[in-house]
Every structure is written in structure tokens, then in C-alpha cells.
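Read the structure below first, then the notes.
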Amino acid sequence: MSEEPAFPPTPANWAALTPLSFLVRTAETHPDHVAVVHGALKRSWAEVHQRCRRLSSALAARGIGRGDTVAVMLPNVPALLEAHFGVPMTGAVLNAVNTRLDAAAIAYILDHSGAKLLLADCEYHDVLRQALTLLARPIPVIDVADVALPNARRLGTIEYEAMLAAADPDRPWTGPDDEWAAISVNYTSGTTGNPKGVLYHHRGAYLNAVGNSLVWELGRHPVYLWTLPMFHCNGWCFPWTITMLAGTHVCLRRVEASAIFQAIAAHGVTHLCGAPIVMQTVLDGVAKFPPVGRKIRMMTAAAPPPAAVLAAMQKAGFEVTHVYGLTEVYGPAVVCDWHRAWDDLPIDAQADLKARQGVRYHVQEGLMVADPETMKPVPADGKAMGEVMMRGNIVMKGYLKDQAATDKAFKGGWFHTGDLGVVHPDGYIQLKDRSKDIIISGGENISSIEVENLLYRHPAVAAAAVVAMPDARWGETPCAFVELRPAASATAADIIAFCRDNIAHFKAPRHVVFGPIPKTSTGKIQKFKLREEAKRMAAEPKPGRT
């Protein structure tokens with residue numbers, strides 16, 4: 001055809017991609033299938049669809065509309081799943097806040113995101129009350145009184161269930177006119193103490209939800225156990241993936257071995273996700289609870305699974321898939337795509353292969369390891385290191401209110417992860433270091449700079465540096481190296497207590513080492529030496545050093 005006719009998109013042949021469409025289809029096709037389980041509570045997809053529409057109606061009645069931000073601070077309960085649909089049904093942007101943060105960090109996020117409304121679980125009201133006092137403007141609060149906490153204190157003026165009951169489930173709603181419109185904003189620590197707001201669009205959320213189903217054997221009607229925090233990268237987009245497949249969301253308020261195995265036995269769980277700490281929690285429960293007796297699939301990220309853990313998980317009936325990603329790429333965007341031939345290898349050899357981050361998701365257009373200055377890819381020899389970079393539809397829109405950081409991240413037309421890695425001859429990538437000095441503890445990102453800044457506020461501290469120390473349970477924990485001021489004194493317990501009093505507990509150092517900190521001739525701290533020392537200490541702990 002020499003001349004293609006001009007065929008502009010029309011309602012007959014084009015619609016903006018949005019994961020909201022998954023809920024509508026599932027409710028139409030499988031209305032009676034169990035959608036949500038939370039303790040003794042069970043709801044069908046028809047009921048969940050109606051509740052999401054009620055939430056959308058209730059938010060609209062309170063002035064929430066396109067482009068507004070609705071913050072939620074909830075554990076893995078049904079209301080958080082409903083927020084993933086009900087909030088964007090109004091055209092608003094969902095901001096799921098990390099439930100482990102301290103008051104100052106929460107206040108910063110609420111202010112920076114421009115949140116107009118907050119849905120909050122009653123368990124977090126003490127820290128939220130402190131956070132709200134730090135803001136220059138009031139934010140209305142809707143209490144979510146979970147069935148597990150029936151007598152909890154209230155912070156808001158209305159409770160979530162009462163709000164839904166008064167709302168109109170038939171209020172019309174429409175999806176986004178532009179699939180580039182923001183669907184959520186997720187905050188990540190980055191390399192500084194101030195978190196960055198990572199904007200997701202409807203198109204990316206839709207595609208990564210589909211991508212999850214392509215790289216993992218989910219099948220029809222998966223029964224998914226929520227051991228991954230739903231606030232992490234919107235639960236790696238699994239609120240939308242499991243809904244797309246008309247699966248069952250099994251909510252878990254707290255990730256404990258007893259709760260995990262009880263849910264597996266009671267509800268026929270087929271899949272779960274989590275950091276290596278979740279695998280350790282599972283293994284802790286293996287000896288205490290009846291054998292699973294069937295295969296359960298687990299997706300893990302944040303750190304490669306050790307051979308011993310992988311072998312133990314397989315023996316317990318769990319098949320582990322290793323993925324890699326960042327908040328900026330909707331969670332997992334790279335997968336260690338398994339080859340059947342590898343099943344015949346010894347377990348240690350399998351673990352070595354599974355430790356690699358792997359290849360790009362089907363819905364991600366590009367993945368490379370390259371020199372960040374020349375943008376030239378490194379040779380695929382498993383030795384030459386470069387920066388891991390990605391590009392495509394599941395890369396964020398950008399950092400909210402931070403054009404400079406966005407431009408830096410997208411330099412050369414690729415998203416720069418800040419992670420260093422190699423490419424093996426078969427094309428699979430493997431991380432070797434984190435150039436941003438982020439510590440990943442139990443799946444949580446901890447900024448070393450944020451902790452260092454706090455340590456410098458201690459009256460006895462003259463110099464401080466924080467690095468990751470390997471930890472069998474948490475993957476990594478913060479290790480602080482401290483030089484004291486002349487004539488000043490402090491113990492490791494003093495330093496740790498000071499940190500726990502001023503930042504979230506999971507960010508506080510678990511180990512403190514006193515003594516001269518190695519520096520270059522220009523005074524720059526040599527963190528590579530500290531990391532080596534932390535690794536040595538982890539392998540050969542010495543009494544009195546921690």
C-alpha cells in the first residue's frame with residue numbers, strides 16, 4: 001500500500017489502558033467467585049466491585065476529583081485493595097504510605113504529595129496524630145476500623161464502613177481520557193533523607209499487571225496471600241494482576257509464620273510474594289506446622305536467595321522465582337526466567353543461576369548494563385561492570401515536583417537505576433553493588449545518608465558513616481561506624497537508642513563500631529573499606545563490637 005489512509009483513533013478501536021478495566025470484567029464474568037478473604041470475612045467480586053464504586057462515590061462527595069491525591073495508611077486489609085480501584089475511579093491519585101515510617105517522614109509525604117484526604121487504620125493513629133501536627137494545613141481523616149481491631153481509638157470524624165454505606169454505588173464513573181494520567185505516587189528514599197515521589201501512570205500499571213501474569217505461572221483463579229506490603233510499589237502491581245485473573249486476595253494484617261501456614265491450610269493459597277525475610281519466616285514455621293503437601297509459588301526480590309534457603313524452600317514445597325526492580329519501574333521489571341534444563345542441576349548450581357537478576361519483563365522495552373557516561377553497553381562476559389539501565393512503558397512518569405532529579409534519572413534516554421552489574425554470556429544480568437548506598441533490610445529501603453545525618457546530631461558524635469551489614473534474617477541491616485568527640489563518651493546502646501527515638505525503628509543501626517573512620521587525603525570517607533569490615537564482622541562477629 002503506497003498511501004495509508006488516515007485512520008484516527010475512535011471509540012470503536014481505541015481506549016486508554018487502565019487496570020480499572022480488570023475489576024469491571026472480573027465482576028461481570030465471575031461475580032460470585034471469592035475475591036477477598038480476611039479472617040472470617042469473605043466477599044465476592046460483585047461485592048468488591050460495588051464497594052469500590054461506593055468508595056469512588058464517597059470520595060467525589062468530599063470534593064475529590066481528577067488530579068487530587070488521596071493518601072492511605074493501611075496494612076494489608078481489604079480497604080487498601082479497594083483503594084487501588086476506588087481512588088483512581090474518581091480520577092484521583094493514590095498515595096499508599098509506608099506504615100513503618102516515623103511522624104516526620106509521614107508529614108513530609110502528606111505535604112509533598114498534596115494529599116487532600118487520608119484513609120487511616122486505627123492502629124497508626126498515634127504516629128499519624130503526631131504527623132498531622134507537623135503540617136501547616138488540615139487533612140480530613142477517614143478511620144478504617146479493621147475487624148481485627150474492633151475497639152481501637154478513632155482519629156477522624158467518620159468511619160470507613162459508615163462512609164461506604166452512605167455512598168451511591170450507582171454513581172457513574174469513567175476511566176482516564178489519557179492513559180498517561182497518574183494513577184499513583186509512591187515514595188522512595190533514594191540517596192538522600194528526603195523521599196522522592198515516583199509517579200505511575202495508568203498505562204504502566206496496566207502493562208506491569210499483565211507482565212506479572214506473563215513471567216509467573218499464575219493460572220486461572222490464583223489464591224494470592226498478601227505477605228508483601230501492598231504499599232510497596234502498589235504491591236508490585238499485584239492488586240491489579242490478581243483482580244485481572246479473577247483470583248482471590250487473602251489479606252494478612254501481620255506477616256507471621258502461624259498466620260501464613262493457617263492461611264495456606266484454610267484457603268488453598270497458591271502464590272505469595274516477599275523479600276527474603278518472608279522466606280525466612282516461612283522456614284521458621286516449617287517445623288511447627290503440618291507440611292504443605294503441594295507446590296506453592298513464591299516471588300522474591302531485594303536480595304538473591306542463598307543456596308541453603310532455596311534448598312529448604314524447595315523441600316518445604318515452595319518454588320521460588322527471583323525478580324528485580326525498583327519503585328521507579330513499578331516494582332519487578334526483570335526476572336530470572338527459568339530454563340527447564342536447569343532443573344537437572346545440583347541445588348547449589350541452581351541457586352547460583354537463580355541469584356542472577358535475569359532478563360527484562362515482556363512489557364519492558366529495554367534493559368542494558370552500560371557505562372553511564374558513554375552509554376556504551378559492557379561486554380557480556382560476566383566480569384565488566386556498568387550501570388543497570390531500563391527503558392519502556394513500565395518506567396515512571398518522573399519524580400513529583402523534581403524535574404532536576406527526573407532529568408538526571410533519564411539521562412541519555414534511559415532510566416539509570418544506580419545499581420552496578422554485569423551481563424553474562426547468555427544475556428542475563430547480575431547485580432554486583434549498589435552505587436546509591438541504599439540498605440535493603442527486610443525489603444525496606446534505608447537511606448544511609450538519612451541515618452548518618454541523624455547520627456551527627458548526637459552530641460558525642462564527631463564523624464559517622466553507615467553501610468549495610470549482611471544479615472541472615474533481614475538480608476542487610478544498618479551498621480554505623482562512629483568517631484566520638486574528644487572527651488565525649490557513648491555506648492553502642494546509647495547510639496542505637498538515640499536513633500530509635502528519632503527515626504523509624506527499622507532504620508536504626510543494629511551494630512555500632514567505634515574508632516577512626518578511614519578517609520581519603522581529601523577527607524572523603526572510604527565506604528568500600530567499611531563495607532568490607534561489616535562483611536567480615538558479619539562472618540566472624542566479635543563480642544563487645546556490637
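Residues are named by chain letter and number: chains run A, B, ... in the order of the C-alpha cells, numbers start at 1 in each chain, and ligands are numbered from 1 in the order shown.
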
- [ ] Identify all residues of range 38-177 of chain A in strand (DSSP E) (DSSP on the backbone) and supply them as a list in words.
- [x]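 Result set for range 38-177 of chain A (strand (DSSP E)): His38, Leu41, Lys42, Arg43, Ser44, Thr69, Val70, Ala71, Val72, Met73, Val93, Leu94, Asn95, Ala96, Ala115, Lys116, Leu117, Leu118, Leu119, Ala120, Asp121, Val141, Ile142, Asp143, Val144, Ile158 and Glu159 of chain A.
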
Can I get the selection written as an mmCIF file, in the first residue's frame, with C-alpha atoms?
data_model
loop_
_atom_site.group_PDB
_atom_site.id
_atom_site.type_symbol
_atom_site.label_atom_id
_atom_site.label_comp_id
_atom_site.auth_asym_id
_atom_site.auth_seq_id
_atom_site.Cartn_x
_atom_site.Cartn_y
_atom_site.Cartn_z
ATOM 1 C CA HIS A 38 -9.739 -11.516 55.640
ATOM 2 C CA LEU A 41 -14.660 -12.237 56.222
ATOM 3 C CA LYS A 42 -15.266 -13.277 52.611
ATOM 4 C CA ARG A 43 -16.533 -11.119 49.752
ATOM 5 C CA SER A 44 -17.354 -11.923 46.126
ATOM 6 C CA THR A 69 -4.138 12.941 45.868
ATOM 7 C CA VAL A 70 -5.724 10.568 48.362
ATOM 8 C CA ALA A 71 -3.313 9.152 50.936
ATOM 9 C CA VAL A 72 -3.889 5.845 52.673
ATOM 10 C CA MET A 73 -2.004 4.367 55.598
ATOM 11 C CA VAL A 93 -4.014 9.663 42.554
ATOM 12 C CA LEU A 94 -3.423 7.012 45.212
ATOM 13 C CA ASN A 95 -0.601 7.545 47.710
ATOM 14 C CA ALA A 96 -0.123 4.392 49.796
ATOM 15 C CA ALA A 115 -2.876 14.846 49.951
ATOM 16 C CA LYS A 116 -6.453 16.143 50.294
ATOM 17 C CA LEU A 117 -7.777 13.180 52.279
ATOM 18 C CA LEU A 118 -6.320 10.387 54.399
ATOM 19 C CA LEU A 119 -7.707 6.888 54.944
ATOM 20 C CA ALA A 120 -6.003 5.524 58.060
ATOM 21 C CA ASP A 121 -6.058 2.300 60.013
ATOM 22 C CA VAL A 141 -9.095 11.649 58.140
ATOM 23 C CA ILE A 142 -11.341 8.659 57.490
ATOM 24 C CA ASP A 143 -10.914 5.940 60.128
ATOM 25 C CA VAL A 144 -10.608 2.371 58.892
ATOM 26 C CA ILE A 158 -16.312 9.211 60.200
ATOM 27 C CA GLU A 159 -15.527 5.519 59.891
#

Open item on the list: Show me, as a PyMOL selection string, the residues that have an atom within 10 Å of range 480-483 of chain A when counting only C-alpha atoms, minus same-chain residues fewer than 6 positions from it.
Closed with: chain A and resi 448+451-452+455-456+460-469+492+495-496+508-518+530+534+546

Those residues with C-alpha atoms, as a short mmCIF file (atom, residue, chain, number, x, y, z; two decimals), in the first residue's frame please?
data_model
loop_
_atom_site.label_atom_id
_atom_site.label_comp_id
_atom_site.auth_asym_id
_atom_site.auth_seq_id
_atom_site.Cartn_x
_atom_site.Cartn_y
_atom_site.Cartn_z
CA SER A 448 22.43 5.63 54.72
CA VAL A 451 20.83 7.76 59.26
CA GLU A 452 24.20 9.49 59.09
CA LEU A 455 23.98 10.39 64.00
CA TYR A 456 25.71 13.73 63.53
CA ALA A 460 29.04 12.80 71.34
CA VAL A 461 29.49 12.04 67.62
CA ALA A 462 32.27 13.69 65.64
CA ALA A 463 32.01 11.62 62.47
CA ALA A 464 29.73 8.85 61.26
CA ALA A 465 29.24 6.55 58.30
CA VAL A 466 26.57 3.91 57.75
CA VAL A 467 26.83 0.87 55.49
CA ALA A 468 24.97 -2.38 55.00
CA MET A 469 25.94 -5.38 57.12
CA ALA A 492 26.58 1.31 71.29
CA ILE A 495 23.69 5.41 69.90
CA ILE A 496 21.08 2.84 68.92
CA ALA A 508 18.19 2.43 63.27
CA PRO A 509 21.62 0.75 63.26
CA ARG A 510 21.77 -2.67 64.84
CA HIS A 511 25.56 -2.54 65.13
CA VAL A 512 27.85 0.33 66.16
CA VAL A 513 31.61 0.31 65.74
CA PHE A 514 33.72 2.96 67.48
CA GLY A 515 37.09 4.12 66.17
CA PRO A 516 38.81 6.09 63.38
CA ILE A 517 36.87 6.09 60.09
CA PRO A 518 39.10 5.59 57.01
CA LEU A 530 33.69 -0.04 55.83
CA ALA A 534 30.98 -5.02 58.01
CA THR A 546 28.15 -4.61 68.58
#

TODO: Just the residues within 12 Å of Glu47 in chain A, please, counting only C-alpha atoms, with nothing from its chain fewer than 2 positions along; format it as a list in words.
DONE: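 Residues meeting the cut-off are Leu23, Val24, Thr26, Ala27, Glu28, His30, Pro31, Asp32, His33, Val34, Ala35, Val36, Lys42, Arg43, Ser44, Trp45, His49, Gln50, Arg51, Cys52, Arg53, Arg54, Pro78, Glu82 and Pro169 of chain A.
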
Selection export as a PDB file, in the first residue's frame, atoms kept: N, CA and C atoms:
ATOM      1  N   LEU A  23     -11.188  -4.856  36.978  1.00  0.00           N
ATOM      2  CA  LEU A  23     -12.223  -5.045  38.001  1.00  0.00           C
ATOM      3  C   LEU A  23     -13.591  -5.196  37.353  1.00  0.00           C
ATOM      4  N   VAL A  24     -13.872  -4.370  36.373  1.00  0.00           N
ATOM      5  CA  VAL A  24     -15.178  -4.411  35.717  1.00  0.00           C
ATOM      6  C   VAL A  24     -15.377  -5.765  35.045  1.00  0.00           C
ATOM      7  N   THR A  26     -13.868  -8.677  35.616  1.00  0.00           N
ATOM      8  CA  THR A  26     -13.940  -9.775  36.574  1.00  0.00           C
ATOM      9  C   THR A  26     -15.287  -9.804  37.283  1.00  0.00           C
ATOM     10  N   ALA A  27     -15.791  -8.632  37.663  1.00  0.00           N
ATOM     11  CA  ALA A  27     -17.096  -8.584  38.328  1.00  0.00           C
ATOM     12  C   ALA A  27     -18.213  -9.033  37.396  1.00  0.00           C
ATOM     13  N   GLU A  28     -18.086  -8.757  36.105  1.00  0.00           N
ATOM     14  CA  GLU A  28     -19.081  -9.186  35.131  1.00  0.00           C
ATOM     15  C   GLU A  28     -18.996 -10.688  34.860  1.00  0.00           C
ATOM     16  N   HIS A  30     -17.090 -13.193  36.679  1.00  0.00           N
ATOM     17  CA  HIS A  30     -17.037 -14.101  37.834  1.00  0.00           C
ATOM     18  C   HIS A  30     -17.598 -13.405  39.079  1.00  0.00           C
ATOM     19  N   PRO A  31     -18.832 -12.954  39.020  1.00  0.00           N
ATOM     20  CA  PRO A  31     -19.376 -12.152  40.133  1.00  0.00           C
ATOM     21  C   PRO A  31     -19.440 -12.891  41.463  1.00  0.00           C
ATOM     22  N   ASP A  32     -19.607 -14.213  41.431  1.00  0.00           N
ATOM     23  CA  ASP A  32     -19.780 -14.973  42.672  1.00  0.00           C
ATOM     24  C   ASP A  32     -18.490 -15.601  43.184  1.00  0.00           C
ATOM     25  N   HIS A  33     -17.416 -15.468  42.424  1.00  0.00           N
ATOM     26  CA  HIS A  33     -16.135 -16.038  42.862  1.00  0.00           C
ATOM     27  C   HIS A  33     -15.599 -15.248  44.056  1.00  0.00           C
ATOM     28  N   VAL A  34     -14.968 -15.934  44.988  1.00  0.00           N
ATOM     29  CA  VAL A  34     -14.439 -15.266  46.178  1.00  0.00           C
ATOM     30  C   VAL A  34     -13.306 -14.332  45.773  1.00  0.00           C
ATOM     31  N   ALA A  35     -13.462 -13.071  46.090  1.00  0.00           N
ATOM     32  CA  ALA A  35     -12.476 -12.053  45.722  1.00  0.00           C
ATOM     33  C   ALA A  35     -11.511 -11.768  46.851  1.00  0.00           C
ATOM     34  N   VAL A  36     -12.038 -11.684  48.078  1.00  0.00           N
ATOM     35  CA  VAL A  36     -11.248 -11.254  49.227  1.00  0.00           C
ATOM     36  C   VAL A  36     -11.562 -12.147  50.421  1.00  0.00           C
ATOM     37  N   LYS A  42     -15.410 -12.926  54.019  1.00  0.00           N
ATOM     38  CA  LYS A  42     -15.266 -13.277  52.611  1.00  0.00           C
ATOM     39  C   LYS A  42     -16.209 -12.403  51.790  1.00  0.00           C
ATOM     40  N   ARG A  43     -15.706 -11.917  50.648  1.00  0.00           N
ATOM     41  CA  ARG A  43     -16.533 -11.119  49.752  1.00  0.00           C
ATOM     42  C   ARG A  43     -16.340 -11.601  48.320  1.00  0.00           C
ATOM     43  N   SER A  44     -17.399 -11.535  47.537  1.00  0.00           N
ATOM     44  CA  SER A  44     -17.354 -11.923  46.126  1.00  0.00           C
ATOM     45  C   SER A  44     -16.859 -10.749  45.287  1.00  0.00           C
ATOM     46  N   TRP A  45     -16.600 -11.046  44.007  1.00  0.00           N
ATOM     47  CA  TRP A  45     -16.161  -9.970  43.125  1.00  0.00           C
ATOM     48  C   TRP A  45     -17.283  -8.967  42.855  1.00  0.00           C
ATOM     49  N   HIS A  49     -16.607  -5.056  43.690  1.00  0.00           N
ATOM     50  CA  HIS A  49     -16.866  -4.048  42.661  1.00  0.00           C
ATOM     51  C   HIS A  49     -17.798  -2.958  43.190  1.00  0.00           C
ATOM     52  N   GLN A  50     -18.876  -3.373  43.861  1.00  0.00           N
ATOM     53  CA  GLN A  50     -19.816  -2.397  44.393  1.00  0.00           C
ATOM     54  C   GLN A  50     -19.160  -1.528  45.460  1.00  0.00           C
ATOM     55  N   ARG A  51     -18.311  -2.129  46.311  1.00  0.00           N
ATOM     56  CA  ARG A  51     -17.645  -1.355  47.370  1.00  0.00           C
ATOM     57  C   ARG A  51     -16.671  -0.346  46.771  1.00  0.00           C
ATOM     58  N   CYS A  52     -15.972  -0.725  45.720  1.00  0.00           N
ATOM     59  CA  CYS A  52     -15.057   0.215  45.071  1.00  0.00           C
ATOM     60  C   CYS A  52     -15.831   1.383  44.465  1.00  0.00           C
ATOM     61  N   ARG A  53     -16.996   1.102  43.902  1.00  0.00           N
ATOM     62  CA  ARG A  53     -17.818   2.173  43.355  1.00  0.00           C
ATOM     63  C   ARG A  53     -18.360   3.073  44.467  1.00  0.00           C
ATOM     64  N   ARG A  54     -18.707   2.472  45.597  1.00  0.00           N
ATOM     65  CA  ARG A  54     -19.139   3.279  46.742  1.00  0.00           C
ATOM     66  C   ARG A  54     -18.005   4.181  47.232  1.00  0.00           C
ATOM     67  N   PRO A  78      -8.658  -5.406  53.361  1.00  0.00           N
ATOM     68  CA  PRO A  78      -9.488  -5.190  52.169  1.00  0.00           C
ATOM     69  C   PRO A  78      -9.609  -3.733  51.740  1.00  0.00           C
ATOM     70  N   GLU A  82      -9.365  -2.088  47.941  1.00  0.00           N
ATOM     71  CA  GLU A  82     -10.445  -1.275  47.373  1.00  0.00           C
ATOM     72  C   GLU A  82      -9.948   0.107  46.967  1.00  0.00           C
ATOM     73  N   PRO A 169     -23.662   3.492  45.086  1.00  0.00           N
ATOM     74  CA  PRO A 169     -22.889   2.551  44.276  1.00  0.00           C
ATOM     75  C   PRO A 169     -23.149   2.687  42.781  1.00  0.00           C
TER      76      PRO A 169
END

- [ ] Calculate how many Å separate CA of Met279 in chain A from CA of Ser258 in chain A, rounding to one decimal.
- [x] 13.4 Å

Task: Residues of range 158-254 of chain A in helix (DSSP H, G or I), written as a PyMOL selection string - done: chain A and resi 160-165+202-215+233-236+238-244

- [ ] Figure out the distance between CA of Asn234 in chain A and CA of His84 in chain A, please, to one decimal in Å.
- [x]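 Taking CA of His84 in chain A as the start and CA of Asn234 in chain A as the end point, the length is 8.0 Å.
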
Open item on the list: One number please: CA of Phe22 in chain A to CA of Tyr160 in chain A, in Å, one decimal.
Closed with: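 We find that CA of Phe22 in chain A and CA of Tyr160 in chain A lie 23.9 Å from each other.
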
Open item on the list: Set the distance at 10 Å and use only C-alpha atoms: which residues neighbour Gly412 in chain A once local chain neighbours fewer than 3 positions away are removed? I'd like the list as a VMD selection string.
Closed with: chain A and resid 372 to 375 407 to 409 415 to 416

Task: Selection: 10 Å around range 357-367 of chain A, only C-alpha atoms, excl. self and same-chain fewer than 6 positions, as a ChimeraX atom specification - done: /A:204,207-212,214-215,301,303-304,322-325,329,332-338,388-395,414-415,421,423-424,426-431
